[in-house]
Each structure stands twice: as C-alpha cells, then as structure tokens.
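Asks: Sharing data12.tsv below, TSV, C-alpha atoms:
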```tsv
chain	number	residue	atom	x	y	z
O	160	MET	CA	157.35	161.30	103.78
O	161	ILE	CA	159.01	157.94	103.13
O	162	VAL	CA	160.65	159.41	100.03
O	163	ALA	CA	160.52	162.88	98.46
O	164	SER	CA	157.22	163.43	96.65
O	165	LYS	CA	158.89	164.14	93.30
O	166	GLN	CA	160.52	160.69	93.50
O	167	CYS	CA	157.53	158.72	94.83
O	168	SER	CA	155.82	156.65	92.13
O	169	GLY	CA	152.77	155.78	94.25
O	170	CYS	CA	153.47	152.07	93.85
O	171	TYR	CA	151.72	151.00	97.10
O	172	ALA	CA	154.62	148.83	98.36
O	173	CYS	CA	154.84	150.71	101.66
O	174	VAL	CA	151.07	150.66	102.21
O	175	SER	CA	150.92	146.92	101.51
O	176	ALA	CA	153.87	146.05	103.77
O	177	CYS	CA	153.08	148.15	106.84
O	178	PRO	CA	152.45	145.73	109.77
O	179	GLN	CA	150.38	148.34	111.61
O	180	SER	CA	148.30	149.40	108.55
O	181	CYS	CA	149.19	152.96	109.50
O	182	ILE	CA	150.07	154.21	106.01
O	183	LYS	CA	147.25	155.59	103.89
O	184	MET	CA	147.29	156.97	100.38
O	185	LYS	CA	146.30	160.62	100.23
O	186	ILE	CA	145.38	162.35	96.97
O	187	ASP	CA	147.10	165.68	96.32
O	188	ASN	CA	145.69	168.65	94.42
O	189	GLU	CA	146.99	167.26	91.11
O	190	GLY	CA	145.10	164.00	91.61
O	191	PHE	CA	148.09	161.78	92.41
O	192	TRP	CA	148.25	159.66	95.56
O	193	TYR	CA	151.11	159.67	98.05
O	194	PRO	CA	151.69	157.68	101.25
O	195	GLU	CA	150.87	159.42	104.52
O	196	VAL	CA	152.07	157.85	107.76
O	197	LEU	CA	149.64	158.05	110.70
O	198	SER	CA	152.20	158.89	113.38
O	199	ASP	CA	149.97	157.87	116.32
O	200	SER	CA	149.99	154.24	115.10
O	201	CYS	CA	153.54	154.07	113.69
O	202	ILE	CA	156.00	151.88	115.64
O	203	ASP	CA	159.09	153.03	113.68
O	204	CYS	CA	159.79	149.51	112.42
O	205	GLY	CA	161.30	150.78	109.16
O	206	VAL	CA	159.48	148.28	106.95
O	207	CYS	CA	158.09	151.03	104.71
O	208	GLU	CA	161.56	152.36	103.97
O	209	ARG	CA	163.00	148.89	103.37
O	210	VAL	CA	160.38	148.03	100.72
O	211	CYS	CA	160.48	151.38	98.90
O	212	PRO	CA	161.82	150.53	95.42
O	213	THR	CA	162.92	154.14	94.90
O	214	LYS	CA	165.06	154.21	98.04
O	215	HIS	CA	166.55	150.79	97.32
O	216	LYS	CA	167.22	150.35	93.62
O	217	GLN	CA	167.38	146.79	92.42
O	218	ALA	CA	170.55	145.44	90.85
O	219	GLN	CA	170.82	145.85	87.10
O	220	ILE	CA	170.24	142.70	85.08
O	221	SER	CA	172.06	141.89	81.85
O	222	GLU	CA	170.68	143.16	78.56
O	223	PRO	CA	167.56	141.32	77.35
O	224	ALA	CA	166.82	139.47	74.14
O	225	ALA	CA	164.39	141.28	71.83
O	226	PHE	CA	161.58	139.77	69.75
O	227	ALA	CA	158.96	141.08	67.36
O	228	VAL	CA	155.73	139.28	68.24
O	229	LEU	CA	152.13	139.27	67.07
O	230	ASN	CA	149.09	137.21	67.97
O	231	LYS	CA	147.95	134.83	65.22
O	232	ASP	CA	144.34	135.59	66.20
O	233	GLU	CA	143.61	138.67	64.09
O	234	ASN	CA	140.44	139.41	66.03
O	235	VAL	CA	142.37	139.72	69.30
O	236	ARG	CA	145.18	141.69	67.65
O	237	SER	CA	142.70	144.20	66.22
O	238	ARG	CA	141.33	144.86	69.73
O	239	SER	CA	144.77	145.12	71.34
O	240	SER	CA	147.03	148.15	71.53
O	241	SER	CA	149.89	146.54	69.63
O	242	GLY	CA	150.44	142.88	68.73
O	243	GLY	CA	148.04	141.21	71.20
O	244	VAL	CA	150.72	139.26	73.09
O	245	PHE	CA	149.41	139.92	76.60
O	246	THR	CA	146.14	138.10	75.91
O	247	VAL	CA	147.96	134.91	74.89
O	248	LEU	CA	150.20	135.04	77.96
O	249	ALA	CA	147.23	135.63	80.26
O	250	GLU	CA	145.18	132.80	78.73
O	251	HIS	CA	148.10	130.41	79.17
O	252	ILE	CA	148.44	131.25	82.88
O	253	ILE	CA	144.71	130.78	83.49
O	254	GLU	CA	144.71	127.50	81.55
O	255	SER	CA	147.48	126.42	83.95
O	256	GLY	CA	145.21	127.10	86.94
O	257	GLY	CA	146.66	130.51	87.61
O	258	VAL	CA	145.59	134.09	88.24
O	259	VAL	CA	146.26	137.22	86.17
O	260	PHE	CA	146.62	140.73	87.59
O	261	GLY	CA	146.31	143.81	85.41
O	262	ALA	CA	144.89	147.31	85.01
O	263	GLY	CA	141.24	147.73	84.07
O	264	PHE	CA	138.33	150.13	84.54
O	265	ASP	CA	135.97	150.21	87.50
O	266	GLU	CA	132.33	151.27	87.13
O	267	GLY	CA	133.34	154.95	87.00
O	268	PHE	CA	136.12	154.38	84.43
O	269	ASN	CA	138.83	154.92	87.01
O	270	VAL	CA	141.85	152.72	86.28
O	271	VAL	CA	142.46	150.15	89.01
O	272	HIS	CA	144.41	146.92	89.39
O	273	SER	CA	142.44	143.72	89.94
O	274	PHE	CA	142.73	140.02	89.09
O	275	ALA	CA	141.06	137.50	86.80
O	276	GLU	CA	140.67	133.75	87.21
O	277	GLN	CA	138.60	133.13	84.06
O	278	LYS	CA	139.67	133.68	80.44
O	279	SER	CA	136.49	135.64	79.79
O	280	ASP	CA	137.65	138.26	82.32
O	281	ILE	CA	141.01	138.92	80.67
O	282	ARG	CA	139.54	141.40	78.21
O	283	GLN	CA	139.31	144.03	80.98
O	284	PHE	CA	143.13	144.15	81.05
O	285	ARG	CA	143.58	144.26	77.28
O	286	GLY	CA	144.76	147.51	75.74
O	287	SER	CA	146.68	150.51	77.04
O	288	LYS	CA	145.19	152.76	79.71
O	289	TYR	CA	146.93	156.11	79.82
O	290	VAL	CA	146.11	156.83	83.46
O	291	GLN	CA	147.93	155.80	86.62
O	292	SER	CA	146.31	152.64	87.97
O	293	ARG	CA	145.59	152.22	91.67
O	294	ILE	CA	147.24	149.04	93.01
O	295	GLY	CA	145.06	148.84	96.12
O	296	GLN	CA	145.20	145.35	97.65
O	297	SER	CA	146.68	143.66	94.55
O	298	TYR	CA	150.16	143.01	96.01
O	299	ILE	CA	148.63	141.44	99.10
O	300	LYS	CA	146.23	139.28	97.08
O	301	ALA	CA	149.03	138.23	94.71
O	302	ARG	CA	151.11	136.99	97.65
O	303	GLN	CA	148.14	134.99	98.94
O	304	PHE	CA	147.77	133.25	95.57
O	305	LEU	CA	151.52	132.65	95.33
O	306	LYS	CA	151.65	131.08	98.79
O	307	SER	CA	148.80	128.78	97.82
O	308	GLY	CA	150.94	127.49	94.94
O	309	ARG	CA	148.97	128.97	92.03
O	310	PRO	CA	150.79	130.55	89.06
O	311	VAL	CA	150.45	134.34	89.04
O	312	LEU	CA	150.98	136.66	86.09
O	313	PHE	CA	151.30	140.25	87.31
O	314	SER	CA	151.39	143.07	84.76
O	315	GLY	CA	152.04	146.73	85.45
O	316	THR	CA	154.36	149.67	84.94
O	317	PRO	CA	158.07	149.18	85.76
O	318	CYS	CA	157.70	150.98	89.09
O	319	GLN	CA	154.71	148.80	90.02
O	320	ILE	CA	156.62	145.60	89.25
O	321	ALA	CA	159.58	146.89	91.27
O	322	GLY	CA	157.16	147.68	94.10
O	323	LEU	CA	155.70	144.17	93.96
O	324	LYS	CA	159.14	142.54	94.03
O	325	SER	CA	160.23	144.73	96.97
O	326	TYR	CA	157.03	143.96	98.86
O	327	LEU	CA	157.34	140.19	98.35
O	328	GLY	CA	160.94	140.18	99.49
O	329	HIS	CA	162.02	137.05	97.64
O	330	GLU	CA	161.49	135.24	94.36
O	331	TYR	CA	158.59	132.88	93.76
O	332	ASP	CA	158.95	130.21	91.08
O	333	ASN	CA	155.23	130.56	90.30
O	334	LEU	CA	155.36	134.35	89.78
O	335	PHE	CA	155.62	135.76	86.25
O	336	THR	CA	155.96	139.52	85.86
O	337	VAL	CA	155.32	141.68	82.81
O	338	ASP	CA	156.07	145.39	82.64
O	339	LEU	CA	155.83	148.00	79.88
O	340	ILE	CA	157.91	150.53	78.06
O	341	CYS	CA	156.11	153.37	79.80
O	342	HIS	CA	155.86	156.94	78.53
O	343	GLY	CA	154.67	158.07	81.96
O	344	VAL	CA	151.48	157.94	84.02
O	345	PRO	CA	148.93	160.80	83.74
O	346	SER	CA	146.85	162.19	86.57
O	347	PRO	CA	143.56	160.39	87.36
O	348	LYS	CA	142.13	163.83	88.14
O	349	ALA	CA	142.94	165.08	84.64
O	350	TRP	CA	141.41	161.90	83.19
O	351	ASN	CA	138.18	162.35	85.17
O	352	LYS	CA	137.93	165.99	84.10
O	353	TYR	CA	138.37	164.95	80.46
O	354	LEU	CA	135.63	162.32	80.82
O	355	LYS	CA	133.20	164.75	82.44
O	356	HIS	CA	133.92	167.32	79.72
O	357	ASN	CA	133.01	164.80	77.02
O	358	GLU	CA	129.95	163.59	78.90
O	359	GLN	CA	128.69	167.16	78.99
O	360	ARG	CA	129.25	167.51	75.25
O	361	ALA	CA	127.50	164.19	74.56
O	362	GLY	CA	124.70	164.73	77.07
O	363	ALA	CA	125.13	161.20	78.44
O	364	PRO	CA	127.52	159.17	80.62
O	365	VAL	CA	130.46	157.31	79.09
O	366	ALA	CA	129.66	153.66	78.37
O	367	ASP	CA	132.98	152.45	76.92
O	368	VAL	CA	136.56	153.66	76.45
O	369	ASN	CA	139.35	152.62	74.08
O	370	PHE	CA	142.56	154.63	74.28
O	371	ARG	CA	144.05	152.88	71.26
O	372	SER	CA	141.38	152.23	68.64
O	373	LYS	CA	142.96	151.07	65.36
O	374	GLN	CA	140.08	152.21	63.17
O	375	GLN	CA	142.50	154.45	61.25
O	376	GLY	CA	145.48	152.17	61.77
O	377	TRP	CA	147.96	151.27	64.49
O	378	LYS	CA	150.32	154.20	63.96
O	379	LYS	CA	147.67	156.92	64.07
O	380	PHE	CA	145.55	155.46	66.83
O	381	GLU	CA	142.35	157.02	68.10
O	382	MET	CA	140.71	157.77	71.41
O	383	ALA	CA	137.29	156.13	71.13
O	384	LEU	CA	134.45	156.85	73.56
O	385	SER	CA	130.88	155.62	73.42
O	386	PHE	CA	128.06	157.05	75.50
O	387	GLY	CA	124.82	155.85	77.03
O	388	ASN	CA	122.77	157.63	74.37
O	389	LYS	CA	124.59	155.71	71.59
O	390	MET	CA	126.71	158.70	70.61
O	391	VAL	CA	130.29	157.86	69.58
O	392	TYR	CA	133.44	159.98	69.82
O	393	ASN	CA	136.56	159.15	67.78
O	394	LYS	CA	139.59	161.41	67.46
O	395	THR	CA	143.14	160.55	66.45
O	396	LEU	CA	146.12	161.17	68.73
O	397	ASP	CA	146.84	164.54	67.11
O	398	LYS	CA	143.30	165.88	67.69
O	399	ASP	CA	142.10	164.41	70.98
O	400	GLU	CA	142.80	166.79	73.88
O	401	TYR	CA	143.68	164.08	76.38
O	402	LEU	CA	146.15	162.30	74.09
O	403	ARG	CA	147.70	165.60	73.08
O	404	ALA	CA	148.35	166.53	76.71
O	405	PHE	CA	149.65	163.04	77.53
O	406	LEU	CA	152.04	162.84	74.59
O	407	GLN	CA	153.31	166.37	75.24
O	408	ASN	CA	154.17	165.35	78.83
O	409	VAL	CA	151.85	167.86	80.50
O	410	THR	CA	149.74	165.56	82.70
O	411	LEU	CA	152.37	163.16	84.07
O	412	ARG	CA	153.26	162.32	87.67
O	413	PRO	CA	156.33	164.26	88.92
O	414	SER	CA	158.36	161.06	89.40
O	415	CYS	CA	157.95	160.20	85.71
O	416	TYR	CA	160.34	162.99	84.74
O	417	GLU	CA	163.05	161.42	86.95
O	418	CYS	CA	162.07	157.77	86.53
O	419	ASN	CA	164.62	155.34	87.97
O	420	PHE	CA	163.07	152.29	86.32
O	421	LYS	CA	163.74	153.07	82.65
O	422	THR	CA	166.58	150.66	81.93
O	423	LEU	CA	167.14	147.72	79.63
O	424	GLY	CA	167.91	145.34	82.49
O	425	ARG	CA	164.69	145.12	84.50
O	426	ALA	CA	163.20	143.27	87.45
O	427	SER	CA	160.41	141.85	85.29
O	428	ASP	CA	160.48	138.60	83.32
O	429	LEU	CA	159.13	140.25	80.16
O	430	THR	CA	158.71	143.80	78.92
O	431	LEU	CA	155.95	144.52	76.37
O	432	ALA	CA	155.75	147.53	74.07
O	433	ASP	CA	154.74	148.75	70.65
O	434	PHE	CA	157.44	147.88	68.14
O	435	TRP	CA	157.71	151.38	66.74
O	436	GLY	CA	160.06	151.41	63.78
O	437	VAL	CA	159.25	147.85	62.80
O	438	ASP	CA	158.68	149.06	59.23
O	439	THR	CA	162.37	150.01	59.16
O	440	VAL	CA	163.83	147.18	61.24
O	441	MET	CA	161.61	144.27	60.14
O	442	PRO	CA	159.45	145.53	57.24
O	443	GLU	CA	158.09	142.07	56.48
O	444	LEU	CA	155.95	142.32	59.67
O	445	ALA	CA	154.74	145.89	59.11
O	446	ASP	CA	151.03	145.85	58.20
O	447	ASP	CA	149.83	148.78	60.40
O	448	LYS	CA	147.77	146.36	62.49
O	449	GLY	CA	150.16	146.30	65.45
O	450	VAL	CA	153.37	144.49	66.32
O	451	SER	CA	154.61	143.96	69.87
O	452	LEU	CA	158.18	144.37	70.99
O	453	VAL	CA	158.94	141.80	73.70
O	454	LEU	CA	162.12	142.06	75.78
O	455	VAL	CA	163.03	138.84	77.62
O	456	HIS	CA	164.86	139.40	80.92
O	457	SER	CA	164.92	135.93	82.46
O	458	ASP	CA	164.83	132.21	81.72
O	459	LYS	CA	161.37	132.20	83.24
O	460	GLY	CA	160.28	134.82	80.73
O	461	LYS	CA	161.80	132.94	77.81
O	462	ASN	CA	160.09	129.71	78.90
O	463	LEU	CA	156.78	131.55	79.15
O	464	LEU	CA	157.19	132.89	75.62
O	465	ASP	CA	158.15	129.42	74.38
O	466	SER	CA	154.96	128.03	75.94
O	467	ILE	CA	152.76	130.17	73.66
O	468	SER	CA	154.86	129.78	70.50
O	469	ASP	CA	152.10	127.95	68.62
O	470	LYS	CA	149.77	130.96	69.02
O	471	ILE	CA	152.14	133.74	67.98
O	472	VAL	CA	154.32	134.84	65.11
O	473	TRP	CA	157.69	135.82	66.53
O	474	GLN	CA	161.12	136.73	65.24
O	475	GLN	CA	164.21	137.67	67.18
O	476	ALA	CA	165.32	141.26	66.60
O	477	ASP	CA	168.55	143.12	67.16
O	478	LEU	CA	168.12	144.85	70.54
O	479	LYS	CA	169.73	148.16	69.59
O	480	LYS	CA	167.72	148.40	66.41
O	481	ALA	CA	164.53	147.39	68.22
O	482	ILE	CA	164.74	150.19	70.80
O	483	ALA	CA	166.15	152.83	68.46
O	484	PHE	CA	162.65	154.23	67.84
O	485	ASN	CA	161.52	153.79	71.47
O	486	SER	CA	163.67	156.01	73.69
O	487	ALA	CA	161.13	155.67	76.54
O	488	ALA	CA	162.68	152.25	77.19
O	489	VAL	CA	165.76	153.84	78.73
O	490	LYS	CA	165.14	157.57	79.10
O	491	PRO	CA	162.54	159.56	81.10
O	492	VAL	CA	160.51	162.09	79.14
O	493	GLU	CA	161.19	165.80	79.53
O	494	LYS	CA	158.89	167.83	81.75
O	495	HIS	CA	156.71	170.22	79.77
O	496	SER	CA	157.61	173.83	80.54
O	497	ALA	CA	153.97	174.68	81.35
O	498	ARG	CA	153.21	171.49	83.29
O	499	ASP	CA	152.83	173.17	86.71
O	500	LEU	CA	150.69	175.98	85.26
O	501	PHE	CA	148.45	173.36	83.64
O	502	PHE	CA	147.71	171.78	87.01
O	503	LYS	CA	147.14	175.15	88.68
O	504	ASP	CA	144.38	175.82	86.15
O	505	LEU	CA	142.98	172.28	86.09
O	506	ASP	CA	140.09	173.14	88.42
O	507	ASN	CA	139.33	176.45	86.77
O	508	MET	CA	139.12	175.89	83.01
O	509	PRO	CA	137.26	173.55	80.62
O	510	PHE	CA	139.54	170.70	79.65
O	511	ASP	CA	139.71	171.54	75.95
O	512	ALA	CA	140.53	175.20	76.66
O	513	LEU	CA	143.17	174.13	79.17
O	514	VAL	CA	144.93	171.88	76.65
O	515	ASN	CA	144.71	174.47	73.89
O	516	LYS	CA	146.23	177.07	76.22
O	517	TYR	CA	149.21	175.06	77.40
O	518	CYS	CA	149.86	172.69	74.49
O	519	ARG	CA	150.41	175.49	72.02
O	520	ILE	CA	152.70	173.76	69.55
O	521	ARG	CA	150.58	172.20	66.85
O	522	PHE	CA	150.64	168.51	67.61
O	523	LYS	CA	151.29	167.46	64.00
O	524	THR	CA	154.30	169.77	63.92
O	525	ARG	CA	155.60	168.32	67.19
O	526	VAL	CA	155.11	164.75	65.99
O	527	ARG	CA	156.98	165.50	62.77
O	528	ARG	CA	159.84	167.07	64.73
O	529	VAL	CA	160.06	164.15	67.14
O	530	TYR	CA	159.79	161.58	64.37
O	531	ARG	CA	162.51	163.29	62.32
O	532	SER	CA	164.75	163.54	65.38
O	533	VAL	CA	164.18	159.96	66.53
O	534	GLY	CA	164.30	158.63	63.01
O	535	SER	CA	167.60	160.30	62.20
O	536	LYS	CA	169.13	159.13	65.47
O	537	ALA	CA	167.83	155.62	64.89
O	538	LYS	CA	169.19	155.52	61.37
O	539	ARG	CA	172.61	156.68	62.60
O	540	LEU	CA	172.55	154.03	65.32
O	541	ILE	CA	171.50	151.30	62.93
O	542	ALA	CA	174.19	152.36	60.45
O	543	LYS	CA	176.85	151.87	63.11
O	544	ILE	CA	175.71	148.33	63.96
```
Is it possible to give me this structure as structure tokens?

Replies:
Amino acid sequence: MIVASKQCSGCYACVSACPQSCIKMKIDNEGFWYPEVLSDSCIDCGVCERVCPTKHKQAQISEPAAFAVLNKDENVRSRSSSGGVFTVLAEHIIESGGVVFGAGFDEGFNVVHSFAEQKSDIRQFRGSKYVQSRIGQSYIKARQFLKSGRPVLFSGTPCQIAGLKSYLGHEYDNLFTVDLICHGVPSPKAWNKYLKHNEQRAGAPVADVNFRSKQQGWKKFEMALSFGNKMVYNKTLDKDEYLRAFLQNVTLRPSCYECNFKTLGRASDLTLADFWGVDTVMPELADDKGVSLVLVHSDKGKNLLDSISDKIVWQQADLKKAIAFNSAAVKPVEKHSARDLFFKDLDNMPFDALVNKYCRIRFKTRVRRVYRSVGSKAKRLIAKI
C-alpha cells in the first residue's frame, strides 16, 4: 500500500501519475476503492508516494474571507442544494472558453467525475451527491486542457482537490479550484444497495435522483427519486434510510473519520457550503430557499467571485460566526460505534432493516441533540466575538 488504508482517500493522484500505469484501483468489500500496485510492472520510481496528498500535507494557507451568497436566478437556486453559486461560476468559465469538471451520475446512477464544455451540460454537476465520486481520468484530462491554455474549473471534495494539485505539481494560472465543506463520503456499494432496494419497492428502475429536494424547504431537505413507471419517492432527511445512515456517520469511508483536509486554510481557490445558521448570523438573507457560504482562499478565487457579482447577491460575513454552525469545516465527524457491524451485514440484510438495526437513535432526537449542542456552542462563540 502507498499509504495505510484507513488514511487513503481514494483520490486517484497515484493512479493518474504512475508512469508505468501499474497502479489500479481495487474495490474492497465495503465498496471503496484503493490503489493496488502491480509489482511485476513497478519500477520503484517513487512517483506515487511523492504525489500522495496524505503522505505530503500541503502548507496551511491563511484564514479565508467568508461571504453569504445566493444566485439571483430563483429557478436555479430552487434546483440547487444551497444558494446556487456553483452554476454561476461554471457558466462564467464556459463563457470564457473553458471547461468545468464536477461530479455527476452515469447511466447507472453511480457518481463519477467528468467534464462539460457547454452550459447545457452543467446541470449534471448541480446539487450535492452523497456518494464518493470516482475521479477516473479527470486529473489527466484537466492537465491536457490546462496545457492547451483553456480555463479549467475543477470542483470536488477537499481530498480530491489536494490530489489534483499534487498530481499537477505546480500552479496553473488558468486553473480554478472549488472544494466543499464535506461531511464525509459514503460507500458506493451502500448507495447501490439502497437504489436496488427502492427499485424493488417501486417495481421499476430509477429514472432520476435528487439528494437535496427543497420541496419542504432547504433546512429539512428530501431525498427524491423518480422511477420508470412514473412512481415518485420523497422522504425528508429524518425518514429516508440512506440520509439517516449518512448523517449518523455509518456509511463513510474510513479516512473520513481522520480527515487531514478539514482546515480553514485550504489548497482550493474557493470553498462552497450550505450557510447553516444564516438565520442567526445574517437573518435578512434567511428565506429557507438556500444560502451558500463561500470561503475565499486566494486572489484568484476573489477575482472569480468578483466576475459573477452581477448575477449574485453577496455579503461578507464574519468568518468565526459563519462556521460556528458548520463544524465539518474544520473537524472530522466521529465514527459511528456500529459502523463496522453495518458493513459486515451490508450483503446480508435489506437496506431498510440494516439502517433500522444500526441507527437505533431516533433521528429527530439526534438532530435535536446536535442542533442544541452546536447552537449553544455557536452562541457562546458569537458572544465572545
């Protein structure tokens, strides 16, 4: 192993950089992929170890500026997970002759990274996908576009952006990177089992997925599935089995519990997130339709935000107040006590029974506890500022 499995984020940097193409991603019994070196072809050049972002942590950058941002286009905002900022950024890059990389669904609703060169194709990247996305050839293709001189906007989790930067090896003036305040990445195997379970209940294949439907508001978002027979499934985050398991930290990759990339100073130009707590920090923007928190880490990021200023509503926020309700910005989530047992039973139990067995605390009770805890801590922090 290039790095211990519990530390490996599966970012694909080593696979992309190997000059012999002798590293392949192998899926383990939990559904996560890890690099496997084919020893017969390996020349011991050390490139894989040099580009591993976990083995070589990047230098910390100064604290970012924080902004509350929302898209002026209400139609786009309603179909986005939070404030709809990513769509505006992506459209600007494409209007400038550039290329946008992001996470979308393939034909089987697996989450994969790909790129778009037309504005009409950006919608595939819009909205949160609570599954680990497979990078595949995206780092390699991004470098090809960068070397040709085209602007590139690359979005992904913090570990994926760190992997991209390590793979590239140096800065490109035409590269713009956007990461997320990430809760953690769930297993693709768990996601596929959940989908199959719902297809069996519906009696038809899934036709569309929305992890963050705002039909009942931004704060109490819904998992929305539609099926080939026109049936529709909608359940809020406290009732849907997949969201319950995700938000209780049962289905996450092992490295997520020890994440090295949750810091305020990041390698990306911009960090996007839900501005949880905006009703306390900036109540004039709170309409339960979604507000984005944007953290600006570089001059390049600030210039990019300035370039879309006519299409957004944005206000600078106090950084400490802005992240007070979003501890995932700087702190890994705690591993669920039954997480390993959940995965041992993943192949043997129906998905709903599995979640009900191992996520025993009533979700509403857990949410209330977390909200009270976070809220009280946030209020104490804000009071000190």

Asks: Calculate how many Å separate atom CA of O:Leu452 from atom CA of O:Phe284, rounding to one decimal.

Replies: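 About the pair atom CA of O:Leu452 and atom CA of O:Phe284: they are 18.1 Å apart.
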
Asks: If you measure from atom CA of O:Trp435 to atom CA of O:Ala481, what distance in Å do you get, rounded to one decimal?

Replies: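 Taking atom CA of O:Trp435 and atom CA of O:Ala481, their separation equals 8.0 Å.
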
Asks: Using the file's own x, y and z axes, what box holds all listed atoms of stretch 498-504 of chain O with 4 Å on each side, keeping edges along x, y and z, and what are its centre and edge lengths in Å to one decimal, as JSON?

Replies:
```
{"center_x": 148.8, "center_y": 173.7, "center_z": 86.0, "size_x": 16.8, "size_y": 12.5, "size_z": 13.4}
```

Asks: Which is closer to O:Gly449 than all the others in O:Gly328, O:Gly436, O:Gly257, O:Gly242, using all atoms listed in the file?

Replies: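 Smallest separation from O:Gly449 among the options: O:Gly242.
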
Asks: With distances taken over all atoms listed in the file, which of O:Ile182, O:Ala483, O:Ala445, O:Val337 is nearest to O:Gly261?

Replies: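 That would be O:Val337, the residue with the smallest distance to O:Gly261.
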
Asks: So how many Å separate atom CA of O:Lys503 and atom CA of O:Ser346, to one decimal?

Replies: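 Distance between the two atoms: 13.1 Å.
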
Asks: I'd like the contact shell of stretch 373-379 of chain O - 8 Å cut-off, all atoms listed in the file, skipping same-chain residues fewer than 6 positions apart - returned as a VMD selection string.

Replies: chain O and resid 237 to 238 240 to 241 395 to 396 447 to 449

Asks: List the neighbours of stretch 422-431 of chain O out to 7 Å using all atoms listed in the file; skip same-chain residues closer than 3 positions along the sequence, and give me the result as JSON, numbers by chain.

Replies: {"O": [219, 220, 221, 222, 223, 320, 321, 335, 336, 337, 338, 339, 340, 451, 452, 453, 454, 455, 456, 457, 459, 460, 488, 489]}

Asks: Ranking O:Asn357, O:Ser372, O:Asn408, O:Asn507 by minimum distance to O:Val344 and counting only C-alpha atoms, which one comes first?

Replies: O:Asn408

Asks: Name all residues at most 10 Å from O:Ser468 (count all atoms listed in the file; drop same-chain ones fewer than 4 positions away) and give them as a list in words.

Replies: Val228, Asn230, Val247, Asn462, Leu463, Leu464, Val472 and Trp473 of chain O

Asks: Selection from above, C-alpha atoms, as a compact mmCIF listing (two decimals), in the frame of the given file, can you write it?

Replies:
```
# COMPACT_ATOMS: atom_id res chain seq x y z
CA VAL O 228 155.73 139.28 68.24
CA ASN O 230 149.09 137.21 67.97
CA VAL O 247 147.96 134.91 74.89
CA ASN O 462 160.09 129.71 78.90
CA LEU O 463 156.78 131.55 79.15
CA LEU O 464 157.19 132.89 75.62
CA VAL O 472 154.32 134.84 65.11
CA TRP O 473 157.69 135.82 66.53
```

Asks: With stretch 165-172 of chain O as the partner and 12 Å as the cut-off, tabulate the residues of stretch 383-481 of chain O that qualify, each row holding the nearest pair of atoms and their distance in Å to one decimal, using only C-alpha atoms, sorted by chain and rising number, as a tab-separated table.

Replies:
```
residue	atom	partner	partner_atom	distance
O:Leu411	CA	O:Ser168	CA	10.9
O:Arg412	CA	O:Ser168	CA	7.7
O:Pro413	CA	O:Lys165	CA	5.1
O:Ser414	CA	O:Gln166	CA	4.6
O:Cys415	CA	O:Ser168	CA	7.6
O:Tyr416	CA	O:Lys165	CA	8.8
O:Glu417	CA	O:Gln166	CA	7.1
O:Cys418	CA	O:Gln166	CA	7.7
O:Asn419	CA	O:Gln166	CA	8.7
O:Phe420	CA	O:Ser168	CA	10.3
```

Asks: Generate the output file for the selected residues, C-alpha atoms, as a tab-separated table (two decimals), in the coordinates of the input.

Replies:
```tsv
chain	number	residue	atom	x	y	z
O	411	LEU	CA	152.37	163.16	84.07
O	412	ARG	CA	153.26	162.32	87.67
O	413	PRO	CA	156.33	164.26	88.92
O	414	SER	CA	158.36	161.06	89.40
O	415	CYS	CA	157.95	160.20	85.71
O	416	TYR	CA	160.34	162.99	84.74
O	417	GLU	CA	163.05	161.42	86.95
O	418	CYS	CA	162.07	157.77	86.53
O	419	ASN	CA	164.62	155.34	87.97
O	420	PHE	CA	163.07	152.29	86.32
```

Asks: Would you be able to write out as a ChimeraX atom specification which residues have an atom within 8 Å of (143.5, 143.5, 75.8) in the file's coordinates, counting all atoms listed in the file?

Replies: /O:235,238-240,243,245-246,281-287

Asks: Keeping C-alpha atoms for every residue in the selection just given, could you write it to a file as a compact mmCIF listing (two decimals), in the coordinates of the input?

Replies:
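out.txt, written as the output of this step:
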```txt
# COMPACT_ATOMS: atom_id res chain seq x y z
CA VAL O 235 142.37 139.72 69.30
CA ARG O 238 141.33 144.86 69.73
CA SER O 239 144.77 145.12 71.34
CA SER O 240 147.03 148.15 71.53
CA GLY O 243 148.04 141.21 71.20
CA PHE O 245 149.41 139.92 76.60
CA THR O 246 146.14 138.10 75.91
CA ILE O 281 141.01 138.92 80.67
CA ARG O 282 139.54 141.40 78.21
CA GLN O 283 139.31 144.03 80.98
CA PHE O 284 143.13 144.15 81.05
CA ARG O 285 143.58 144.26 77.28
CA GLY O 286 144.76 147.51 75.74
CA SER O 287 146.68 150.51 77.04
```

Asks: When distances are computed from all atoms listed in the file, which of O:Lys480, O:Lys183, O:Lys288, O:Lys494 shows the smallest separation from O:Cys341?

Replies: O:Lys288

Asks: Tell me, as a VMD selection string, which residues lie within 9 Å of O:Gly190, counting all atoms listed in the file; anything in the same chain fewer than 5 positions away does not count.

Replies: chain O and resid 346 to 349

Asks: Store the residues picked out above, limited to C-alpha atoms, as a short mmCIF file (atom, residue, chain, number, x, y, z; two decimals), keeping the file's coordinate frame.

Replies:
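Saved the output as result-v7.cif:
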```cif
data_model
loop_
_atom_site.label_atom_id
_atom_site.label_comp_id
_atom_site.auth_asym_id
_atom_site.auth_seq_id
_atom_site.Cartn_x
_atom_site.Cartn_y
_atom_site.Cartn_z
CA SER O 346 146.85 162.19 86.57
CA PRO O 347 143.56 160.39 87.36
CA LYS O 348 142.13 163.83 88.14
CA ALA O 349 142.94 165.08 84.64
#
```

Asks: Have a look at O:Thr439, O:Ser175, O:Asn269, O:Thr213 and name the one nearest to O:Asp367; count only C-alpha atoms.

Replies: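 Ranking O:Thr439, O:Ser175, O:Asn269, O:Thr213 by distance to O:Asp367, first place goes to O:Asn269.
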
Asks: Please list as a list of chain:residue names every residue within 9 Å of O:Cys173, counting only C-alpha atoms and excluding residues in the same chain fewer than 6 positions away.

Replies: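 In the requested format, the answer is O:Ile161, O:Ile182, O:Pro194, O:Val206, O:Cys207, O:Glu208, O:Arg209, O:Val210, O:Cys211, O:Gly322, O:Tyr326.
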
Asks: Can those selected residues be exported to a file as a PDB file, in the frame of the given file so that it contains C-alpha atoms?

Replies:
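As written to disk, result.pdb reads:
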```
ATOM      1  CA  ILE O 161     159.010 157.940 103.130  1.00  0.00           C
ATOM      2  CA  ILE O 182     150.070 154.210 106.010  1.00  0.00           C
ATOM      3  CA  PRO O 194     151.690 157.680 101.250  1.00  0.00           C
ATOM      4  CA  VAL O 206     159.480 148.280 106.950  1.00  0.00           C
ATOM      5  CA  CYS O 207     158.090 151.030 104.710  1.00  0.00           C
ATOM      6  CA  GLU O 208     161.560 152.360 103.970  1.00  0.00           C
ATOM      7  CA  ARG O 209     163.000 148.890 103.370  1.00  0.00           C
ATOM      8  CA  VAL O 210     160.380 148.030 100.720  1.00  0.00           C
ATOM      9  CA  CYS O 211     160.480 151.380  98.900  1.00  0.00           C
ATOM     10  CA  GLY O 322     157.160 147.680  94.100  1.00  0.00           C
ATOM     11  CA  TYR O 326     157.030 143.960  98.860  1.00  0.00           C
TER      12      TYR O 326
END
```

Asks: Go through O:Asp203, O:Glu400, O:Asp438, O:Glu195 and flag the residue nearest O:Pro178, using only C-alpha atoms for the distances.

Replies: O:Asp203
